[in-house]
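**Q** What follows is entry-v9.pdb; its format and atoms are PDB, C-alpha atoms and all ligand atoms.
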ATOM      1  CA  MET N1034     -22.555-140.935 -23.287  1.00  0.00           C
ATOM      2  CA  SER N1035     -24.831-143.885 -23.900  1.00  0.00           C
ATOM      3  CA  VAL N1036     -23.522-147.384 -24.489  1.00  0.00           C
ATOM      4  CA  LYS N1037     -25.381-149.358 -27.141  1.00  0.00           C
ATOM      5  CA  TYR N1038     -25.632-153.147 -27.062  1.00  0.00           C
ATOM      6  CA  GLY N1039     -27.468-154.329 -30.123  1.00  0.00           C
ATOM      7  CA  ARG N1040     -31.165-153.952 -29.361  1.00  0.00           C
ATOM      8  CA  PHE N1041     -30.547-152.615 -25.873  1.00  0.00           C
ATOM      9  CA  GLU N1042     -29.241-149.427 -24.409  1.00  0.00           C
ATOM     10  CA  TRP N1043     -27.858-149.605 -20.907  1.00  0.00           C
ATOM     11  CA  ASN N1044     -26.763-146.341 -19.407  1.00  0.00           C
ATOM     12  CA  HIS N1045     -26.904-146.571 -15.620  1.00  0.00           C
ATOM     13  CA  CYS N1046     -26.549-149.199 -12.915  1.00  0.00           C
ATOM     14  CA  PRO N1047     -30.013-149.979 -11.465  1.00  0.00           C
ATOM     15  CA  ILE N1048     -28.424-150.579  -8.038  1.00  0.00           C
ATOM     16  CA  CYS N1049     -26.120-147.578  -7.490  1.00  0.00           C
ATOM     17  CA  GLY N1050     -27.046-145.315 -10.415  1.00  0.00           C
ATOM     18  CA  ASP N1051     -23.481-144.975 -11.673  1.00  0.00           C
ATOM     19  CA  VAL N1052     -22.774-144.747 -15.400  1.00  0.00           C
ATOM     20  CA  LEU N1053     -22.112-148.182 -16.869  1.00  0.00           C
ATOM     21  CA  ILE N1054     -18.993-148.853 -18.884  1.00  0.00           C
ATOM     22  CA  SER N1055     -18.356-151.504 -21.503  1.00  0.00           C
ATOM     23  CA  ALA N1056     -16.135-154.257 -20.107  1.00  0.00           C
ATOM     24  CA  ASP N1057     -15.013-157.758 -21.045  1.00  0.00           C
ATOM     25  CA  ASP N1058     -16.648-160.458 -18.893  1.00  0.00           C
ATOM     26  CA  GLY N1059     -14.322-163.104 -20.322  1.00  0.00           C
ATOM     27  CA  GLN N1060     -16.532-163.887 -23.307  1.00  0.00           C
ATOM     28  CA  SER N1061     -17.711-160.587 -24.729  1.00  0.00           C
ATOM     29  CA  MET N1062     -18.119-156.910 -23.991  1.00  0.00           C
ATOM     30  CA  ARG N1063     -20.972-156.297 -21.548  1.00  0.00           C
ATOM     31  CA  PRO N1064     -22.444-153.393 -19.602  1.00  0.00           C
ATOM     32  CA  HIS N1065     -20.480-153.229 -16.350  1.00  0.00           C
ATOM     33  CA  CYS N1066     -20.728-151.217 -13.132  1.00  0.00           C
ATOM     34  CA  PRO N1067     -17.237-150.745 -11.586  1.00  0.00           C
ATOM     35  CA  PRO N1068     -18.413-149.689  -8.077  1.00  0.00           C
ATOM     36  CA  CYS N1069     -20.734-152.726  -7.828  1.00  0.00           C
ATOM     37  CA  GLU N1070     -18.264-155.002  -9.675  1.00  0.00           C
ATOM     38  CA  ARG N1071     -21.239-156.297 -11.593  1.00  0.00           C
ATOM     39  CA  PHE N1072     -22.011-157.168 -15.214  1.00  0.00           C
ATOM     40  CA  TYR N1073     -25.478-156.771 -16.677  1.00  0.00           C
ATOM     41  CA  TYR N1074     -26.983-159.321 -19.060  1.00  0.00           C
ATOM     42  CA  SER N1075     -30.117-159.216 -21.146  1.00  0.00           C
ATOM     43  CA  ASN N1076     -31.951-162.499 -21.659  1.00  0.00           C
ATOM     44  CA  PRO N1077     -35.307-163.646 -22.992  1.00  0.00           C
ATOM     45  CA  ALA N1078     -38.028-163.523 -20.337  1.00  0.00           C
ATOM     46  CA  PRO N1079     -39.394-166.896 -19.134  1.00  0.00           C
ATOM     47  CA  ALA N1080     -43.128-167.489 -19.384  1.00  0.00           C
ATOM     48  CA  ALA N1081     -45.384-170.519 -18.986  1.00  0.00           C
ATOM     49  CA  CYS N1082     -48.748-171.567 -20.377  1.00  0.00           C
ATOM     50  CA  CYS N1083     -51.341-174.298 -19.874  1.00  0.00           C
ATOM     51  CA  PHE N1084     -52.875-176.960 -22.093  1.00  0.00           C
ATOM     52  CA  LEU N1085     -56.055-178.035 -20.386  1.00  0.00           C
ATOM     53  CA  THR N1086     -58.944-179.996 -21.875  1.00  0.00           C
ATOM     54  CA  ASN N1087     -62.529-180.781 -20.909  1.00  0.00           C
ATOM     55  CA  ASP N1088     -64.209-184.201 -21.067  1.00  0.00           C
ATOM     56  CA  ALA N1089     -64.865-183.713 -24.794  1.00  0.00           C
ATOM     57  CA  GLY N1090     -61.148-183.225 -25.421  1.00  0.00           C
ATOM     58  CA  GLU N1091     -61.611-179.564 -26.261  1.00  0.00           C
ATOM     59  CA  LEU N1092     -58.766-177.193 -25.430  1.00  0.00           C
ATOM     60  CA  LEU N1093     -59.093-174.209 -23.089  1.00  0.00           C
ATOM     61  CA  LEU N1094     -58.272-170.806 -24.614  1.00  0.00           C
ATOM     62  CA  VAL N1095     -58.639-167.269 -23.293  1.00  0.00           C
ATOM     63  CA  GLN N1096     -59.500-164.117 -25.217  1.00  0.00           C
ATOM     64  CA  ARG N1097     -57.171-161.192 -24.558  1.00  0.00           C
ATOM     65  CA  SER N1098     -58.737-158.057 -23.071  1.00  0.00           C
ATOM     66  CA  ILE N1099     -55.521-156.012 -23.296  1.00  0.00           C
ATOM     67  CA  GLU N1100     -53.024-155.061 -25.980  1.00  0.00           C
ATOM     68  CA  PRO N1101     -51.053-156.423 -27.703  1.00  0.00           C
ATOM     69  CA  ARG N1102     -53.382-158.546 -29.829  1.00  0.00           C
ATOM     70  CA  LYS N1103     -56.481-157.563 -27.871  1.00  0.00           C
ATOM     71  CA  GLY N1104     -59.495-159.680 -28.854  1.00  0.00           C
ATOM     72  CA  LEU N1105     -57.455-162.594 -30.155  1.00  0.00           C
ATOM     73  CA  TRP N1106     -57.223-165.891 -28.341  1.00  0.00           C
ATOM     74  CA  THR N1107     -54.303-167.422 -26.544  1.00  0.00           C
ATOM     75  CA  LEU N1108     -53.364-170.164 -24.141  1.00  0.00           C
ATOM     76  CA  PRO N1109     -53.809-169.283 -20.466  1.00  0.00           C
ATOM     77  CA  GLY N1110     -50.404-168.226 -19.164  1.00  0.00           C
ATOM     78  CA  GLY N1111     -47.982-165.435 -18.441  1.00  0.00           C
ATOM     79  CA  PHE N1112     -44.565-164.494 -17.158  1.00  0.00           C
ATOM     80  CA  VAL N1113     -42.796-166.360 -14.384  1.00  0.00           C
ATOM     81  CA  GLU N1114     -42.427-164.349 -11.174  1.00  0.00           C
ATOM     82  CA  MET N1115     -39.419-164.441  -8.875  1.00  0.00           C
ATOM     83  CA  GLY N1116     -39.802-167.169  -6.262  1.00  0.00           C
ATOM     84  CA  GLU N1117     -42.019-169.541  -8.229  1.00  0.00           C
ATOM     85  CA  THR N1118     -41.274-172.464 -10.499  1.00  0.00           C
ATOM     86  CA  THR N1119     -42.372-172.457 -14.125  1.00  0.00           C
ATOM     87  CA  ASP N1120     -45.180-174.967 -13.516  1.00  0.00           C
ATOM     88  CA  GLN N1121     -46.375-172.935 -10.519  1.00  0.00           C
ATOM     89  CA  ALA N1122     -46.447-169.882 -12.800  1.00  0.00           C
ATOM     90  CA  ALA N1123     -48.558-171.763 -15.351  1.00  0.00           C
ATOM     91  CA  LEU N1124     -51.126-172.831 -12.722  1.00  0.00           C
ATOM     92  CA  ARG N1125     -51.176-169.386 -11.074  1.00  0.00           C
ATOM     93  CA  GLU N1126     -51.872-167.707 -14.407  1.00  0.00           C
ATOM     94  CA  LEU N1127     -54.520-170.313 -15.180  1.00  0.00           C
ATOM     95  CA  GLU N1128     -56.412-169.486 -12.000  1.00  0.00           C
ATOM     96  CA  GLU N1129     -55.920-165.722 -12.409  1.00  0.00           C
ATOM     97  CA  GLU N1130     -57.309-165.751 -15.953  1.00  0.00           C
ATOM     98  CA  THR N1131     -59.967-168.475 -15.806  1.00  0.00           C
ATOM     99  CA  ALA N1132     -60.702-169.186 -12.099  1.00  0.00           C
ATOM    100  CA  LEU N1133     -59.906-172.865 -12.745  1.00  0.00           C
ATOM    101  CA  ARG N1134     -57.574-174.538 -10.266  1.00  0.00           C
ATOM    102  CA  GLY N1135     -55.200-176.985 -11.924  1.00  0.00           C
ATOM    103  CA  GLU N1136     -53.188-179.748 -10.347  1.00  0.00           C
ATOM    104  CA  GLY N1137     -50.471-181.952 -11.796  1.00  0.00           C
ATOM    105  CA  THR N1138     -48.496-180.805 -14.810  1.00  0.00           C
ATOM    106  CA  SER N1139     -46.389-182.495 -17.457  1.00  0.00           C
ATOM    107  CA  LEU N1140     -44.061-180.733 -19.844  1.00  0.00           C
ATOM    108  CA  LEU N1141     -45.448-180.393 -23.359  1.00  0.00           C
ATOM    109  CA  GLY N1142     -42.697-178.355 -24.975  1.00  0.00           C
ATOM    110  CA  VAL N1143     -40.785-175.101 -25.158  1.00  0.00           C
ATOM    111  CA  SER N1144     -40.851-172.306 -27.716  1.00  0.00           C
ATOM    112  CA  THR N1145     -38.569-169.282 -27.957  1.00  0.00           C
ATOM    113  CA  ILE N1146     -39.246-166.071 -29.838  1.00  0.00           C
ATOM    114  CA  SER N1147     -36.940-163.093 -30.117  1.00  0.00           C
ATOM    115  CA  SER N1148     -38.371-159.640 -30.630  1.00  0.00           C
ATOM    116  CA  LYS N1149     -37.238-156.036 -30.584  1.00  0.00           C
ATOM    117  CA  HIS N1150     -38.115-156.063 -26.884  1.00  0.00           C
ATOM    118  CA  GLY N1151     -35.714-158.924 -26.200  1.00  0.00           C
ATOM    119  CA  GLY N1152     -37.677-162.135 -26.588  1.00  0.00           C
ATOM    120  CA  VAL N1153     -39.562-164.680 -24.552  1.00  0.00           C
ATOM    121  CA  ILE N1154     -39.214-168.372 -23.726  1.00  0.00           C
ATOM    122  CA  VAL N1155     -42.611-170.013 -23.228  1.00  0.00           C
ATOM    123  CA  ILE N1156     -42.803-173.375 -21.457  1.00  0.00           C
ATOM    124  CA  GLY N1157     -46.007-175.268 -22.223  1.00  0.00           C
ATOM    125  CA  TYR N1158     -47.515-177.611 -19.631  1.00  0.00           C
ATOM    126  CA  LYS N1159     -50.342-180.084 -19.890  1.00  0.00           C
ATOM    127  CA  VAL N1160     -52.565-179.789 -16.828  1.00  0.00           C
ATOM    128  CA  GLU N1161     -53.643-183.221 -15.661  1.00  0.00           C
ATOM    129  CA  ARG N1162     -56.508-182.375 -13.282  1.00  0.00           C
ATOM    130  CA  TRP N1163     -58.539-179.263 -12.694  1.00  0.00           C
ATOM    131  CA  GLU N1164     -61.639-178.046 -10.900  1.00  0.00           C
ATOM    132  CA  GLY N1165     -63.761-174.921 -10.688  1.00  0.00           C
ATOM    133  CA  GLU N1166     -66.176-172.895 -12.770  1.00  0.00           C
ATOM    134  CA  LEU N1167     -64.830-171.164 -15.850  1.00  0.00           C
ATOM    135  CA  ASP N1168     -64.817-167.386 -15.308  1.00  0.00           C
ATOM    136  CA  ALA N1169     -62.660-165.058 -17.427  1.00  0.00           C
ATOM    137  CA  LYS N1170     -60.720-162.568 -15.311  1.00  0.00           C
ATOM    138  CA  THR N1171     -57.785-160.089 -15.266  1.00  0.00           C
ATOM    139  CA  ASP N1172     -56.373-159.832 -18.792  1.00  0.00           C
ATOM    140  CA  ALA N1173     -58.896-162.293 -20.268  1.00  0.00           C
ATOM    141  CA  MET N1174     -62.286-161.024 -21.530  1.00  0.00           C
ATOM    142  CA  ASP N1175     -63.541-164.515 -22.282  1.00  0.00           C
ATOM    143  CA  ALA N1176     -62.469-168.119 -21.774  1.00  0.00           C
ATOM    144  CA  ALA N1177     -63.834-171.178 -23.541  1.00  0.00           C
ATOM    145  CA  PHE N1178     -63.065-174.711 -24.678  1.00  0.00           C
ATOM    146  CA  PHE N1179     -62.506-175.265 -28.398  1.00  0.00           C
ATOM    147  CA  SER N1180     -62.317-178.336 -30.576  1.00  0.00           C
ATOM    148  CA  PHE N1181     -59.445-178.492 -33.059  1.00  0.00           C
ATOM    149  CA  GLU N1182     -61.862-177.710 -35.908  1.00  0.00           C
ATOM    150  CA  ASN N1183     -63.306-174.624 -34.193  1.00  0.00           C
ATOM    151  CA  ARG N1184     -60.078-173.179 -32.858  1.00  0.00           C
ATOM    152  CA  PRO N1185     -59.972-169.365 -33.304  1.00  0.00           C
ATOM    153  CA  GLU N1186     -57.027-167.272 -34.475  1.00  0.00           C
ATOM    154  CA  ILE N1187     -54.178-167.502 -31.955  1.00  0.00           C
ATOM    155  CA  ALA N1188     -52.529-164.240 -30.902  1.00  0.00           C
ATOM    156  CA  PHE N1189     -48.877-165.175 -30.618  1.00  0.00           C
ATOM    157  CA  GLU N1190     -46.502-167.134 -32.812  1.00  0.00           C
ATOM    158  CA  VAL N1191     -44.824-168.570 -29.721  1.00  0.00           C
ATOM    159  CA  HIS N1192     -48.171-170.154 -28.723  1.00  0.00           C
ATOM    160  CA  GLN N1193     -48.846-171.288 -32.295  1.00  0.00           C
ATOM    161  CA  ASN N1194     -45.537-173.191 -32.124  1.00  0.00           C
ATOM    162  CA  LEU N1195     -46.594-174.928 -28.915  1.00  0.00           C
ATOM    163  CA  LEU N1196     -50.013-175.752 -30.392  1.00  0.00           C
ATOM    164  CA  ARG N1197     -48.252-177.512 -33.271  1.00  0.00           C
ATOM    165  CA  ILE N1198     -46.404-179.661 -30.729  1.00  0.00           C
ATOM    166  CA  TYR N1199     -49.693-180.321 -28.943  1.00  0.00           C
ATOM    167  CA  ASP N1200     -51.530-181.222 -32.171  1.00  0.00           C
ATOM    168  CA  THR N1201     -48.836-183.633 -33.334  1.00  0.00           C
ATOM    169  CA  SER N1202     -48.429-185.316 -29.934  1.00  0.00           C
ATOM    170  CA  ALA N1203     -51.672-186.060 -28.136  1.00  0.00           C
ATOM    171  CA  ARG N1204     -54.675-184.042 -29.130  1.00  0.00           C
ATOM    172  CA  GLY N1205     -57.268-184.165 -26.390  1.00  0.00           C
ATOM    173  CA  ARG N1206     -56.629-185.604 -22.996  1.00  0.00           C
ATOM    174  CA  ALA N1207     -53.083-186.435 -21.944  1.00  0.00           C
TER     175      ALA N1207
HETATM  176 ZN    ZN V1301     -23.623-150.047  -9.557  1.00  0.00          ZN
END
Here is the file; what I need is its structure written in the form of structure tokens.
Ligand SMILES: [Zn+2]

**A**
Amino acid sequence: MSVKYGRFEWNHCPICGDVLISADDGQSMRPHCPPCERFYYSNPAPAACCFLTNDAGELLLVQRSIEPRKGLWTLPGGFVEMGETTDQAALRELEEETALRGEGTSLLGVSTISSKHGGVIVIGYKVERWEGELDAKTDAMDAAFFSFENRPEIAFEVHQNLLRIYDTSARGRA
């Protein structure tokens, strides 16, 4: 028998493989594995992205080479891996996607979106210094700097929200 939890279905414990039951964790009913004495929670996934400008104050964007929203533009970024901080994740993704090496970050803002897949929390960082030659890689087919007036369509609402924060705070260099 499957146990349904809103958008999610949890059937088996990923550690021992036993069938999960529904149990009260003190606040609400959650998927629970009795042999492991463990509750399972579903949370939005943390991600990070970069706001990085050139000398002209133009903002760096990357063009997606993979679905979803292939061909549209987005801020360089991605999901946070275990063992790294959110600002490390932002700079790692920056280098993976654009070959630029960033240094020094300051928090721009946070945006949260829920979806049928569970949702994402994106933390936006301004990158203070960077070096390297722009070269689109991995899941980016192109990377370029754009002025506010020439900014292309942005793939994700969660990034559009962060761009609004960016535009109303300090457009151009931090
Ligand atoms: Zn278990």

**Q** Let me have all residues with an atom within 9 Å of ligand ZN 1301 (chain V), counting all atoms listed in the file, laid out as a PyMOL selection string.

**A** chain N and resi 1045-1053+1065-1071

**Q** Evaluate the PyMOL selection byres (((chain N and resi 1170) around 12) and not hetatm) and record the selected residues as a PDB file with C-alpha atoms, in the frame of the given file, following the chain and residue labels used in the document.

**A**
ATOM      1  CA  VAL N1095     -58.639-167.269 -23.293  1.00  0.00           C
ATOM      2  CA  GLN N1096     -59.500-164.117 -25.217  1.00  0.00           C
ATOM      3  CA  ARG N1097     -57.171-161.192 -24.558  1.00  0.00           C
ATOM      4  CA  SER N1098     -58.737-158.057 -23.071  1.00  0.00           C
ATOM      5  CA  ILE N1099     -55.521-156.012 -23.296  1.00  0.00           C
ATOM      6  CA  PRO N1109     -53.809-169.283 -20.466  1.00  0.00           C
ATOM      7  CA  GLU N1126     -51.872-167.707 -14.407  1.00  0.00           C
ATOM      8  CA  LEU N1127     -54.520-170.313 -15.180  1.00  0.00           C
ATOM      9  CA  GLU N1128     -56.412-169.486 -12.000  1.00  0.00           C
ATOM     10  CA  GLU N1129     -55.920-165.722 -12.409  1.00  0.00           C
ATOM     11  CA  GLU N1130     -57.309-165.751 -15.953  1.00  0.00           C
ATOM     12  CA  THR N1131     -59.967-168.475 -15.806  1.00  0.00           C
ATOM     13  CA  ALA N1132     -60.702-169.186 -12.099  1.00  0.00           C
ATOM     14  CA  LEU N1133     -59.906-172.865 -12.745  1.00  0.00           C
ATOM     15  CA  GLU N1166     -66.176-172.895 -12.770  1.00  0.00           C
ATOM     16  CA  LEU N1167     -64.830-171.164 -15.850  1.00  0.00           C
ATOM     17  CA  ASP N1168     -64.817-167.386 -15.308  1.00  0.00           C
ATOM     18  CA  ALA N1169     -62.660-165.058 -17.427  1.00  0.00           C
ATOM     19  CA  THR N1171     -57.785-160.089 -15.266  1.00  0.00           C
ATOM     20  CA  ASP N1172     -56.373-159.832 -18.792  1.00  0.00           C
ATOM     21  CA  ALA N1173     -58.896-162.293 -20.268  1.00  0.00           C
ATOM     22  CA  MET N1174     -62.286-161.024 -21.530  1.00  0.00           C
ATOM     23  CA  ASP N1175     -63.541-164.515 -22.282  1.00  0.00           C
ATOM     24  CA  ALA N1176     -62.469-168.119 -21.774  1.00  0.00           C
TER      25      ALA N1176
END

**Q** Any idea what's packed within 6 Å of Thr1107 of chain N, counting only C-alpha atoms, ignoring anything in its chain fewer than 5 positions away? Could you give it as a ChimeraX atom specification?

**A** /N:1094-1095,1187-1188

**Q** Counting all atoms listed in the file, give me one row per residue of segment 1113-1172 of chain N with an atom at most 12 Å from an atom of segment 1193-1198 of chain N, showing the shortest contact pair and its distance in Å to one decimal, sorted by chain then residue number, as JSON lines.

**A**
{"residue": "N:Leu1140", "atom": "CA", "partner": "N:Leu1195", "partner_atom": "CA", "distance": 11.1}
{"residue": "N:Leu1141", "atom": "CA", "partner": "N:Ile1198", "partner_atom": "CA", "distance": 7.5}
{"residue": "N:Gly1142", "atom": "CA", "partner": "N:Leu1195", "partner_atom": "CA", "distance": 6.5}
{"residue": "N:Val1143", "atom": "CA", "partner": "N:Leu1195", "partner_atom": "CA", "distance": 6.9}
{"residue": "N:Ser1144", "atom": "CA", "partner": "N:Leu1195", "partner_atom": "CA", "distance": 6.4}
{"residue": "N:Thr1145", "atom": "CA", "partner": "N:Asn1194", "partner_atom": "CA", "distance": 9.0}
{"residue": "N:Ile1146", "atom": "CA", "partner": "N:Asn1194", "partner_atom": "CA", "distance": 9.8}
{"residue": "N:Ile1154", "atom": "CA", "partner": "N:Leu1195", "partner_atom": "CA", "distance": 11.2}
{"residue": "N:Val1155", "atom": "CA", "partner": "N:Leu1195", "partner_atom": "CA", "distance": 8.5}
{"residue": "N:Ile1156", "atom": "CA", "partner": "N:Leu1195", "partner_atom": "CA", "distance": 8.5}
{"residue": "N:Gly1157", "atom": "CA", "partner": "N:Leu1195", "partner_atom": "CA", "distance": 6.7}
{"residue": "N:Tyr1158", "atom": "CA", "partner": "N:Leu1195", "partner_atom": "CA", "distance": 9.7}
{"residue": "N:Lys1159", "atom": "CA", "partner": "N:Leu1195", "partner_atom": "CA", "distance": 11.0}

**Q** Return the padded bounding box of segment 1120-1139 of chain N as lines of an AutoDock Vina configuration file: axis-aligned, built from all atoms listed in the file, 4 Å added on each side, with centre and edge lengths in Å to one decimal.

**A**
center_x = -52.9
center_y = -174.1
center_z = -13.9
size_x = 23.5
size_y = 24.8
size_z = 15.2

**Q** Atom CA of Asp1120 of chain N and atom CA of Thr1086 of chain N are how many Å apart?

**A**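 Result for atom CA of Asp1120 of chain N versus atom CA of Thr1086 of chain N: 16.9 Å, one decimal.
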
**Q** Mind giving me the straight-line distance from atom CA of Gly1151 of chain N to atom CA of Asn1076 of chain N in Å, one decimal?

**A**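 One can read the atom CA of Gly1151 of chain N to atom CA of Asn1076 of chain N distance as 6.9 Å.
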
**Q** Tell me, in Å to one decimal, how far atom CA of Trp1106 of chain N is from atom CA of Val1153 of chain N.

**A**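 Going from atom CA of Trp1106 of chain N over to atom CA of Val1153 of chain N covers 18.1 Å.
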
**Q** Rank nothing, just name the residue among N:Trp1163, N:Trp1043, N:Phe1112, N:Tyr1199 nearest to Tyr1074 of chain N, using only C-alpha atoms.

**A**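 Nearest candidate to Tyr1074 of chain N out of N:Trp1163, N:Trp1043, N:Phe1112, N:Tyr1199: N:Trp1043.
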
**Q** Identify which of the residues N:Asp1057, N:Ala1081, N:Gly1165, N:Ser1148 lies closest to Glu1114 of chain N, counting only C-alpha atoms when measuring atom-to-atom distances.

**A**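 Closest to Glu1114 of chain N, using only C-alpha atoms: N:Ala1081.
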
**Q** Select, from N:Ala1078, N:Glu1161, N:Glu1117, N:Gly1059, the residue with the minimum atom-to-atom distance to Gly1137 of chain N, counting all atoms listed in the file.

**A** N:Glu1161

**Q** Between N:Thr1138, N:Arg1102, N:Thr1201, N:Asp1088, which has the minimum distance to Thr1118 of chain N (counting all atoms listed in the file)?

**A**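 Distance minimum relative to Thr1118 of chain N lands on N:Thr1138.
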
**Q** Choose the residue, out of N:Gly1090, N:Phe1189, N:Cys1083, N:Leu1108, that has the smallest atom-to-atom separation from Ala1123 of chain N; count all atoms listed in the file.

**A**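 Closest to Ala1123 of chain N, using all atoms listed in the file: N:Cys1083.
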
**Q** What does the PyMOL selection byres (((chain N and resi 1181) around 9) and not hetatm) select in this file, as a list of chain:residue names?

**A**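 This file gives the following for the PyMOL selection byres (((chain N and resi 1181) around 9) and not hetatm): N:Glu1091, N:Leu1092, N:Phe1179, N:Ser1180, N:Glu1182, N:Asn1183, N:Arg1184, N:Asp1200, N:Arg1204.
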
**Q** Looking at N:Ala1177, N:Ser1147, N:Ala1080, N:Arg1134, which one is nearest to Ala1122 of chain N, with distances taken over only C-alpha atoms?

**A**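 Once distances to Ala1122 of chain N are computed over only C-alpha atoms, the minimum belongs to N:Ala1080.
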